[in-house]
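Quick look at input.txt (compact mmCIF, C-alpha atoms and all ligand atoms):
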```txt
# COMPACT_ATOMS: atom_id res chain seq x y z
CA MET A 1 28.08 -0.22 2.38
CA PRO A 2 27.46 3.36 3.52
CA GLY A 3 26.39 3.82 7.14
CA LEU A 4 22.70 3.57 7.92
CA SER A 5 22.77 5.97 10.84
CA GLY A 6 21.55 9.16 9.16
CA TYR A 7 19.04 10.12 6.52
CA ASP A 8 21.79 10.92 4.00
CA GLY A 9 23.29 7.51 4.54
CA ARG A 10 20.01 5.82 3.82
CA ARG A 11 19.55 7.90 0.71
CA ARG A 12 22.95 6.77 -0.61
CA VAL A 13 22.02 3.14 0.02
CA ALA A 14 18.75 3.55 -1.84
CA ARG A 15 20.41 5.30 -4.80
CA ALA A 16 23.14 2.66 -5.08
CA MET A 17 20.48 -0.04 -5.32
CA THR A 18 19.94 -0.71 -9.03
CA PRO A 19 16.76 -2.61 -9.94
CA GLU A 20 18.87 -5.65 -10.94
CA ARG A 21 20.73 -5.72 -7.63
CA LEU A 22 17.55 -5.25 -5.63
CA ASP A 23 15.95 -8.12 -7.57
CA ARG A 24 18.64 -10.51 -6.43
CA LEU A 25 18.63 -9.40 -2.82
CA ARG A 26 15.15 -8.53 -1.95
CA GLY A 27 12.11 -9.94 -0.30
CA HIS A 28 8.72 -9.48 -1.92
CA PHE A 29 6.68 -6.31 -1.83
CA ILE A 30 2.88 -6.62 -1.57
CA THR A 31 0.46 -3.70 -1.40
CA PHE A 32 -3.24 -3.42 -0.53
CA GLU A 33 -5.46 -0.91 -2.26
CA GLY A 34 -9.14 -0.04 -2.44
CA GLY A 35 -11.66 2.43 -1.09
CA GLU A 36 -12.45 3.32 2.52
CA GLY A 37 -13.67 0.34 4.54
CA SER A 38 -12.79 -2.18 1.81
CA GLY A 39 -10.70 -4.23 4.27
CA LYS A 40 -7.14 -3.14 3.42
CA SER A 41 -5.88 -2.80 6.99
CA THR A 42 -7.66 -5.99 8.08
CA HIS A 43 -6.17 -8.08 5.29
CA ALA A 44 -2.72 -6.50 5.23
CA ALA A 45 -2.42 -7.45 8.91
CA ALA A 46 -3.83 -10.95 8.33
CA LEU A 47 -1.40 -11.61 5.48
CA ALA A 48 1.57 -10.34 7.50
CA GLN A 49 0.54 -12.63 10.34
CA HIS A 50 0.22 -15.64 8.04
CA LEU A 51 3.68 -15.04 6.55
CA THR A 52 5.16 -14.55 10.02
CA SER A 53 3.65 -17.87 11.12
CA LEU A 54 5.70 -19.51 8.34
CA GLY A 55 8.87 -17.99 9.79
CA ILE A 56 9.15 -15.28 7.12
CA ASP A 57 10.39 -11.83 8.17
CA VAL A 58 7.69 -9.30 7.39
CA VAL A 59 7.47 -5.54 7.73
CA LEU A 60 3.85 -4.41 7.91
CA THR A 61 3.48 -0.74 7.09
CA ARG A 62 1.03 1.82 5.69
CA GLU A 63 0.65 5.01 3.71
CA PRO A 64 0.47 7.87 4.09
CA GLY A 65 2.91 7.41 6.93
CA GLY A 66 4.94 4.36 7.87
CA SER A 67 8.04 6.32 8.90
CA THR A 68 8.60 9.15 11.37
CA GLY A 69 8.75 11.92 8.77
CA ALA A 70 5.88 10.50 6.75
CA GLU A 71 3.58 10.18 9.79
CA ILE A 72 3.94 13.95 10.35
CA ILE A 73 2.93 14.58 6.74
CA ARG A 74 0.06 12.05 7.12
CA HIS A 75 -1.40 14.24 9.82
CA ILE A 76 -1.23 17.31 7.58
CA ILE A 77 -2.91 15.51 4.66
CA LEU A 78 -5.66 13.65 6.53
CA SER A 79 -6.60 16.60 8.74
CA GLY A 80 -7.69 18.29 5.50
CA ILE A 81 -5.69 21.47 6.02
CA ALA A 82 -3.95 20.96 2.66
CA LYS A 83 -7.20 20.38 0.74
CA PRO A 84 -7.74 24.08 -0.13
CA LEU A 85 -4.27 24.10 -1.68
CA GLY A 86 -5.47 21.67 -4.35
CA ALA A 87 -4.90 18.10 -5.49
CA GLU A 88 -1.48 18.92 -6.95
CA THR A 89 -0.17 20.12 -3.61
CA GLU A 90 -1.67 17.06 -1.95
CA ALA A 91 0.06 14.84 -4.53
CA ILE A 92 3.37 16.54 -3.73
CA LEU A 93 2.80 16.06 0.01
CA PHE A 94 2.05 12.37 -0.53
CA ALA A 95 5.23 12.13 -2.59
CA ALA A 96 7.29 13.74 0.17
CA ALA A 97 5.87 11.27 2.69
CA ARG A 98 6.48 8.35 0.32
CA ASP A 99 10.06 9.39 -0.30
CA ASP A 100 10.84 9.18 3.42
CA HIS A 101 8.89 5.93 3.85
CA VAL A 102 10.54 4.18 0.89
CA ARG A 103 14.06 5.18 1.79
CA THR A 104 13.92 4.65 5.53
CA VAL A 105 11.61 1.64 5.82
CA ILE A 106 10.69 -0.17 2.59
CA LEU A 107 14.01 -0.33 0.70
CA PRO A 108 16.12 -1.27 3.74
CA ALA A 109 13.62 -4.05 4.58
CA LEU A 110 13.56 -5.45 1.03
CA GLU A 111 17.31 -5.20 0.83
CA ALA A 112 17.57 -7.22 4.04
CA GLY A 113 15.38 -9.92 2.45
CA SER A 114 12.22 -9.17 4.46
CA TRP A 115 8.83 -9.14 2.83
CA VAL A 116 7.01 -5.82 2.97
CA VAL A 117 3.22 -5.61 3.23
CA CYS A 118 1.95 -2.06 2.76
CA ASP A 119 -1.56 -0.72 3.33
CA ARG A 120 -1.95 1.73 0.38
CA PHE A 121 0.89 2.81 -1.93
CA ILE A 122 1.33 4.31 -5.41
CA ASP A 123 -2.06 3.27 -6.74
CA SER A 124 -3.80 5.39 -4.10
CA THR A 125 -2.00 8.46 -5.48
CA ARG A 126 -2.76 7.46 -9.07
CA VAL A 127 -6.45 7.11 -8.25
CA TYR A 128 -7.19 9.76 -5.58
CA GLN A 129 -4.96 12.58 -6.84
CA GLY A 130 -4.49 11.42 -10.45
CA VAL A 131 -7.96 10.35 -11.58
CA LEU A 132 -10.23 12.00 -9.00
CA GLY A 133 -8.05 15.06 -8.39
CA GLN A 134 -7.25 15.41 -12.12
CA VAL A 135 -3.57 15.97 -11.46
CA ASP A 136 -1.54 15.73 -14.68
CA PRO A 137 -0.49 12.06 -15.13
CA ARG A 138 3.00 13.26 -16.07
CA LEU A 139 3.39 14.84 -12.64
CA ILE A 140 2.05 11.69 -10.94
CA LEU A 141 4.46 9.46 -12.86
CA GLY A 142 7.38 11.83 -12.35
CA LEU A 143 6.80 11.90 -8.59
CA GLU A 144 6.50 8.10 -8.63
CA ARG A 145 9.79 7.72 -10.46
CA VAL A 146 11.61 9.91 -7.95
CA THR A 147 10.06 8.47 -4.78
CA VAL A 148 9.61 4.78 -5.56
CA GLY A 149 12.64 3.99 -7.71
CA PRO A 150 13.22 0.24 -7.62
CA ALA A 151 10.71 -0.36 -4.79
CA LYS A 152 7.88 -1.33 -7.15
CA PRO A 153 5.22 -3.60 -5.69
CA ASP A 154 5.41 -7.20 -6.95
CA LEU A 155 1.76 -7.85 -6.19
CA THR A 156 -1.16 -5.53 -5.42
CA PHE A 157 -4.53 -6.55 -4.05
CA ILE A 158 -7.37 -4.23 -4.93
CA LEU A 159 -10.22 -4.85 -2.52
CA ASP A 160 -13.45 -3.99 -4.20
CA VAL A 161 -16.63 -3.05 -2.34
CA PRO A 162 -19.52 -0.76 -3.31
CA ALA A 163 -18.90 2.72 -1.86
CA LYS A 164 -21.99 2.53 0.32
CA ILE A 165 -20.82 -0.65 2.06
CA GLY A 166 -17.25 0.60 2.47
CA LEU A 167 -18.30 3.93 3.92
CA ALA A 168 -20.77 2.24 6.28
CA ARG A 169 -17.94 -0.01 7.53
CA ALA A 170 -15.60 2.97 7.90
CA THR A 171 -18.25 4.88 9.86
CA ALA A 172 -18.86 1.90 12.17
CA ARG A 173 -15.10 1.45 12.69
CA ARG A 174 -14.57 5.15 13.45
CA GLY A 175 -17.14 5.39 16.22
CA LYS A 176 -17.31 8.96 17.49
CA ASP A 177 -14.21 10.21 15.66
CA LEU A 178 -14.63 12.65 12.78
CA ALA A 179 -14.33 11.42 9.17
CA ASP A 180 -10.90 12.17 7.68
CA ARG A 181 -10.29 14.30 4.58
CA PHE A 182 -11.16 11.50 2.13
CA GLU A 183 -13.79 9.62 4.14
CA ALA A 184 -15.73 12.91 4.19
CA GLU A 185 -16.15 12.95 0.38
CA SER A 186 -19.50 12.00 -1.24
CA ILE A 187 -20.74 8.54 -2.25
CA ALA A 188 -20.35 9.61 -5.92
CA TYR A 189 -16.68 10.42 -5.26
CA HIS A 190 -16.13 6.99 -3.71
CA GLU A 191 -17.92 5.20 -6.55
CA SER A 192 -15.63 7.02 -9.01
CA LEU A 193 -12.65 5.84 -6.97
CA ARG A 194 -13.87 2.28 -7.23
CA LYS A 195 -14.20 2.59 -11.00
CA ALA A 196 -10.72 4.15 -11.26
CA TYR A 197 -9.21 1.25 -9.31
CA SER A 198 -10.86 -1.25 -11.62
CA VAL A 199 -9.54 0.54 -14.74
CA LEU A 200 -6.07 0.59 -13.20
CA ALA A 201 -6.25 -3.13 -12.41
CA GLU A 202 -7.16 -3.91 -16.01
CA LYS A 203 -4.07 -2.04 -17.21
CA GLU A 204 -1.68 -4.05 -15.02
CA PRO A 205 -3.13 -7.55 -14.76
CA GLU A 206 0.24 -9.12 -13.92
CA ARG A 207 0.57 -7.09 -10.75
CA CYS A 208 -2.99 -6.26 -9.71
CA ILE A 209 -5.57 -8.73 -8.45
CA VAL A 210 -9.08 -7.51 -7.74
CA ILE A 211 -10.74 -9.28 -4.81
CA ASP A 212 -14.42 -8.98 -3.92
CA GLY A 213 -14.23 -7.39 -0.48
CA ARG A 214 -17.91 -8.05 0.25
CA ALA A 215 -17.23 -11.71 0.87
CA PRO A 216 -16.85 -12.84 4.49
CA ARG A 217 -13.47 -11.99 5.97
CA GLU A 218 -12.19 -15.59 6.03
CA ILE A 219 -13.05 -16.08 2.36
CA VAL A 220 -11.29 -12.84 1.39
CA ALA A 221 -8.24 -13.92 3.40
CA GLU A 222 -8.24 -17.35 1.70
CA ARG A 223 -8.40 -15.78 -1.76
CA ILE A 224 -5.53 -13.45 -0.91
CA TRP A 225 -3.45 -16.30 0.44
CA ALA A 226 -4.13 -18.45 -2.64
CA ALA A 227 -2.85 -15.63 -4.87
CA VAL A 228 0.28 -15.19 -2.74
CA GLU A 229 0.93 -18.93 -2.90
CA ARG A 230 0.46 -18.91 -6.67
CA LYS A 231 2.84 -16.04 -7.17
CA PHE A 232 5.58 -16.67 -4.60
CA ASN A 233 4.99 -20.12 -3.19
CA PRO A 234 6.16 -19.05 0.30
CA GLY A 235 5.33 -22.35 2.01
CA GLN A 236 7.41 -24.27 -0.53
CA ALA A 237 10.31 -21.81 -0.37
CA ARG A 238 10.55 -22.39 3.39
CA VAL A 239 10.53 -26.17 3.04
CA VAL A 240 13.33 -26.08 0.44
CA GLU A 241 15.35 -23.67 2.56
CA ARG A 242 15.09 -25.89 5.62
CA ALA A 243 16.04 -28.98 3.61
CA VAL A 244 19.36 -27.40 2.55
CA PRO A 245 21.96 -28.02 5.29
N1 LIG A 301 -14.76 -9.02 4.49
C1 LIG A 301 -15.27 -8.27 5.46
N2 LIG A 301 -16.55 -8.44 5.84
C2 LIG A 301 -17.07 -7.68 6.80
N3 LIG A 301 -16.41 -6.70 7.47
C3 LIG A 301 -15.14 -6.50 7.14
C4 LIG A 301 -14.50 -7.27 6.13
N4 LIG A 301 -13.23 -6.81 6.01
C5 LIG A 301 -13.10 -5.81 6.91
N5 LIG A 301 -14.23 -5.64 7.60
C6 LIG A 301 -14.51 -4.65 8.65
O1 LIG A 301 -14.74 -3.42 7.98
C7 LIG A 301 -14.12 -2.36 8.69
C8 LIG A 301 -13.15 -1.66 7.78
O2 LIG A 301 -12.07 -2.54 7.48
P1 LIG A 301 -10.60 -1.95 7.33
O3 LIG A 301 -9.68 -3.13 7.17
O4 LIG A 301 -10.31 -1.00 8.43
O5 LIG A 301 -10.77 -1.20 5.93
P2 LIG A 301 -9.80 -0.17 5.22
O6 LIG A 301 -8.45 -0.30 5.86
O7 LIG A 301 -9.81 -0.61 3.79
O8 LIG A 301 -10.43 1.19 5.39
C9 LIG A 301 -13.45 -2.96 9.92
O9 LIG A 301 -14.30 -2.76 11.01
C10 LIG A 301 -13.31 -4.42 9.56
O10 LIG A 301 -13.35 -5.23 10.69
MG MG A 302 -7.30 1.14 6.84
```
Would you encode the structure as structure tokens?
Ligand SMILES: Nc1ncnc2c1ncn2[C@@H]1O[C@H](COP(=O)(O)OP(=O)(O)O)[C@@H](O)[C@H]1O
Ligand SMILES: [Mg+2]
Amino acid sequence: MPGLSGYDGRRRVARAMTPERLDRLRGHFITFEGGEGSGKSTHAAALAQHLTSLGIDVVLTREPGGSTGAEIIRHIILSGIAKPLGAETEAILFAAARDDHVRTVILPALEAGSWVVCDRFIDSTRVYQGVLGQVDPRLILGLERVTVGPAKPDLTFILDVPAKIGLARATARRGKDLADRFEAESIAYHESLRKAYSVLAEKEPERCIVIDGRAPREIVAERIWAAVERKFNPGQARVVERAVP
């Protein structure tokens, strides 16, 4: 296996990883999507903790960001300085961040058999830049193909809350800090996002599960866990593994 010490090395590892090979080796990849204040960070962390408590290796990460290079780009995007350059440029910046994140964090973790739980991923780009920003879907898909490769999410939770509730939560969470580039958009913008997420979920029902994020936190967490159990049966997998000498 090529060395993992430098960026080029990691890139070679990622390229050598065919979807079939990754399938045999990898852990599961779960993403959380939804509007601002829908509970993504809360529930990504809760799920990672639950899996960890079962003795499963988990990498909890987020986008934009999640790796050193991508966190620098996150700052550029969320500060809003790229907004005047247009949604296409923002989509390209997100793709650059994702490329670094996938190759340096997500693929190596999956390859090592860890589960990866990621707060926002490709669906955020499809919805924010694709639907709301009206970036050509061919560009969005092309960028996805290049950056994501075989690191496709196995399961995606779309947390659904009315924009007004989500933004109120985000404002309360933020305290005195300024709203970021996307939080600062109008209620109408956030309601359109919500609609776009629900259309996306309908197109990929095998992967996407919409969860009502208005429910109390414990109920949301229970529903998420039930879906993870249904799909991957992690508790059972551990029992079987331990039973084999
Ligand atoms: N189901 C819920 N009910 C009430 N408040 C919630 C719920 N889920 C999350 N919150 C709160 O709402 C705020 C935003 O949640 P967060 O996970 O940061 O959302 P996101 O990452 O989607 O922007 C936080 O203060 C969090 O504690
Ligand atoms: Mg968050």
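Taking CA of Ala151 (chain A) and CA of Val102 (chain A) as the two end points, the separation is 7.3 Å.
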Would you kindly return, as a JSON list (two decimals) with C-alpha atoms, in the coordinates of the input, each protein, DNA or RNA residue with an atom no farther than 10 Å from any atom of Ile122 (chain A), considering all atoms listed in the file and excluding same-chain residues fewer than 2 positions away?
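Generated file (selection.json):
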```json
[["chain", "number", "residue", "atom", "x", "y", "z"],
["A", 31, "THR", "CA", 0.46, -3.70, -1.40],
["A", 33, "GLU", "CA", -5.46, -0.91, -2.26],
["A", 63, "GLU", "CA", 0.65, 5.01, 3.71],
["A", 94, "PHE", "CA", 2.05, 12.37, -0.53],
["A", 95, "ALA", "CA", 5.23, 12.13, -2.59],
["A", 98, "ARG", "CA", 6.48, 8.35, 0.32],
["A", 120, "ARG", "CA", -1.95, 1.73, 0.38],
["A", 124, "SER", "CA", -3.80, 5.39, -4.10],
["A", 125, "THR", "CA", -2.00, 8.46, -5.48],
["A", 126, "ARG", "CA", -2.76, 7.46, -9.07],
["A", 127, "VAL", "CA", -6.45, 7.11, -8.25],
["A", 140, "ILE", "CA", 2.05, 11.69, -10.94],
["A", 141, "LEU", "CA", 4.46, 9.46, -12.86],
["A", 143, "LEU", "CA", 6.80, 11.90, -8.59],
["A", 144, "GLU", "CA", 6.50, 8.10, -8.63],
["A", 147, "THR", "CA", 10.06, 8.47, -4.78],
["A", 148, "VAL", "CA", 9.61, 4.78, -5.56],
["A", 152, "LYS", "CA", 7.88, -1.33, -7.15],
["A", 153, "PRO", "CA", 5.22, -3.60, -5.69]]
```
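Using all atoms listed in the file, the smallest distance between any of A:Tyr128, A:Tyr189, A:Phe32, A:Trp225 and ligand LIG 301 (chain A) comes from A:Phe32.
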Original post:
Which residue gives the smallest distance to Ala226 (chain A) among A:Ser41, A:Gly142, A:Leu47, A:Arg174, with all atoms listed in the file counted?
Top reply: A:Leu47
Can you build me a table of chain A residues sitting at most 8 Å from ligand MG 302 (chain A), with the closest atom pair per residue and its distance in Å to one decimal, using all atoms listed in the file, sorted by chain and residue number, as JSON lines?
```
{"residue": "A:Glu36", "atom": "CA", "partner": "A:MG302", "partner_atom": "MG", "distance": 7.1}
{"residue": "A:Gly37", "atom": "CA", "partner": "A:MG302", "partner_atom": "MG", "distance": 6.8}
{"residue": "A:Gly39", "atom": "CA", "partner": "A:MG302", "partner_atom": "MG", "distance": 6.9}
{"residue": "A:Lys40", "atom": "CA", "partner": "A:MG302", "partner_atom": "MG", "distance": 5.5}
{"residue": "A:Ser41", "atom": "CA", "partner": "A:MG302", "partner_atom": "MG", "distance": 4.2}
{"residue": "A:Thr42", "atom": "CA", "partner": "A:MG302", "partner_atom": "MG", "distance": 7.2}
{"residue": "A:Asp119", "atom": "CA", "partner": "A:MG302", "partner_atom": "MG", "distance": 7.0}
```
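Residue nearest ligand LIG 301 (chain A), chosen from A:Pro64, A:Pro150, A:Gly166, A:Gly55 and counting all atoms listed in the file: A:Gly166.
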Please identify all polymer residues within 9 Å of Asp123 (chain A), counting all atoms listed in the file, omitting same-chain residues fewer than 6 positions from it, and present them as a PDB file with C-alpha atoms, keeping the file's coordinate frame.
```pdb
ATOM      1  CA  GLU A  33      -5.460  -0.910  -2.260  1.00  0.00           C
ATOM      2  CA  GLY A  34      -9.140  -0.040  -2.440  1.00  0.00           C
ATOM      3  CA  THR A 156      -1.160  -5.530  -5.420  1.00  0.00           C
ATOM      4  CA  TYR A 197      -9.210   1.250  -9.310  1.00  0.00           C
ATOM      5  CA  LEU A 200      -6.070   0.590 -13.200  1.00  0.00           C
TER       6      LEU A 200
END
```
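Separating CA of Glu88 (chain A) from CA of Asp180 (chain A) is a distance of 18.7 Å.
Using all atoms listed in the file for every distance, the candidate list A:His75, A:Lys164, A:Lys83, A:Arg217 yields A:Arg217 as the residue closest to ligand LIG 301 (chain A).
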**OP:** Work out how far CA of Pro162 (chain A) is from CA of Leu132 (chain A), in Å to one decimal.
**Re:** 16.8 Å
Original post:
Of the candidates A:Glu191, A:Glu204, A:Glu111, A:Asp212, which shows the shortest atom-to-atom distance to ligand LIG 301 (chain A), using all atoms listed in the file?
Top reply: A:Asp212
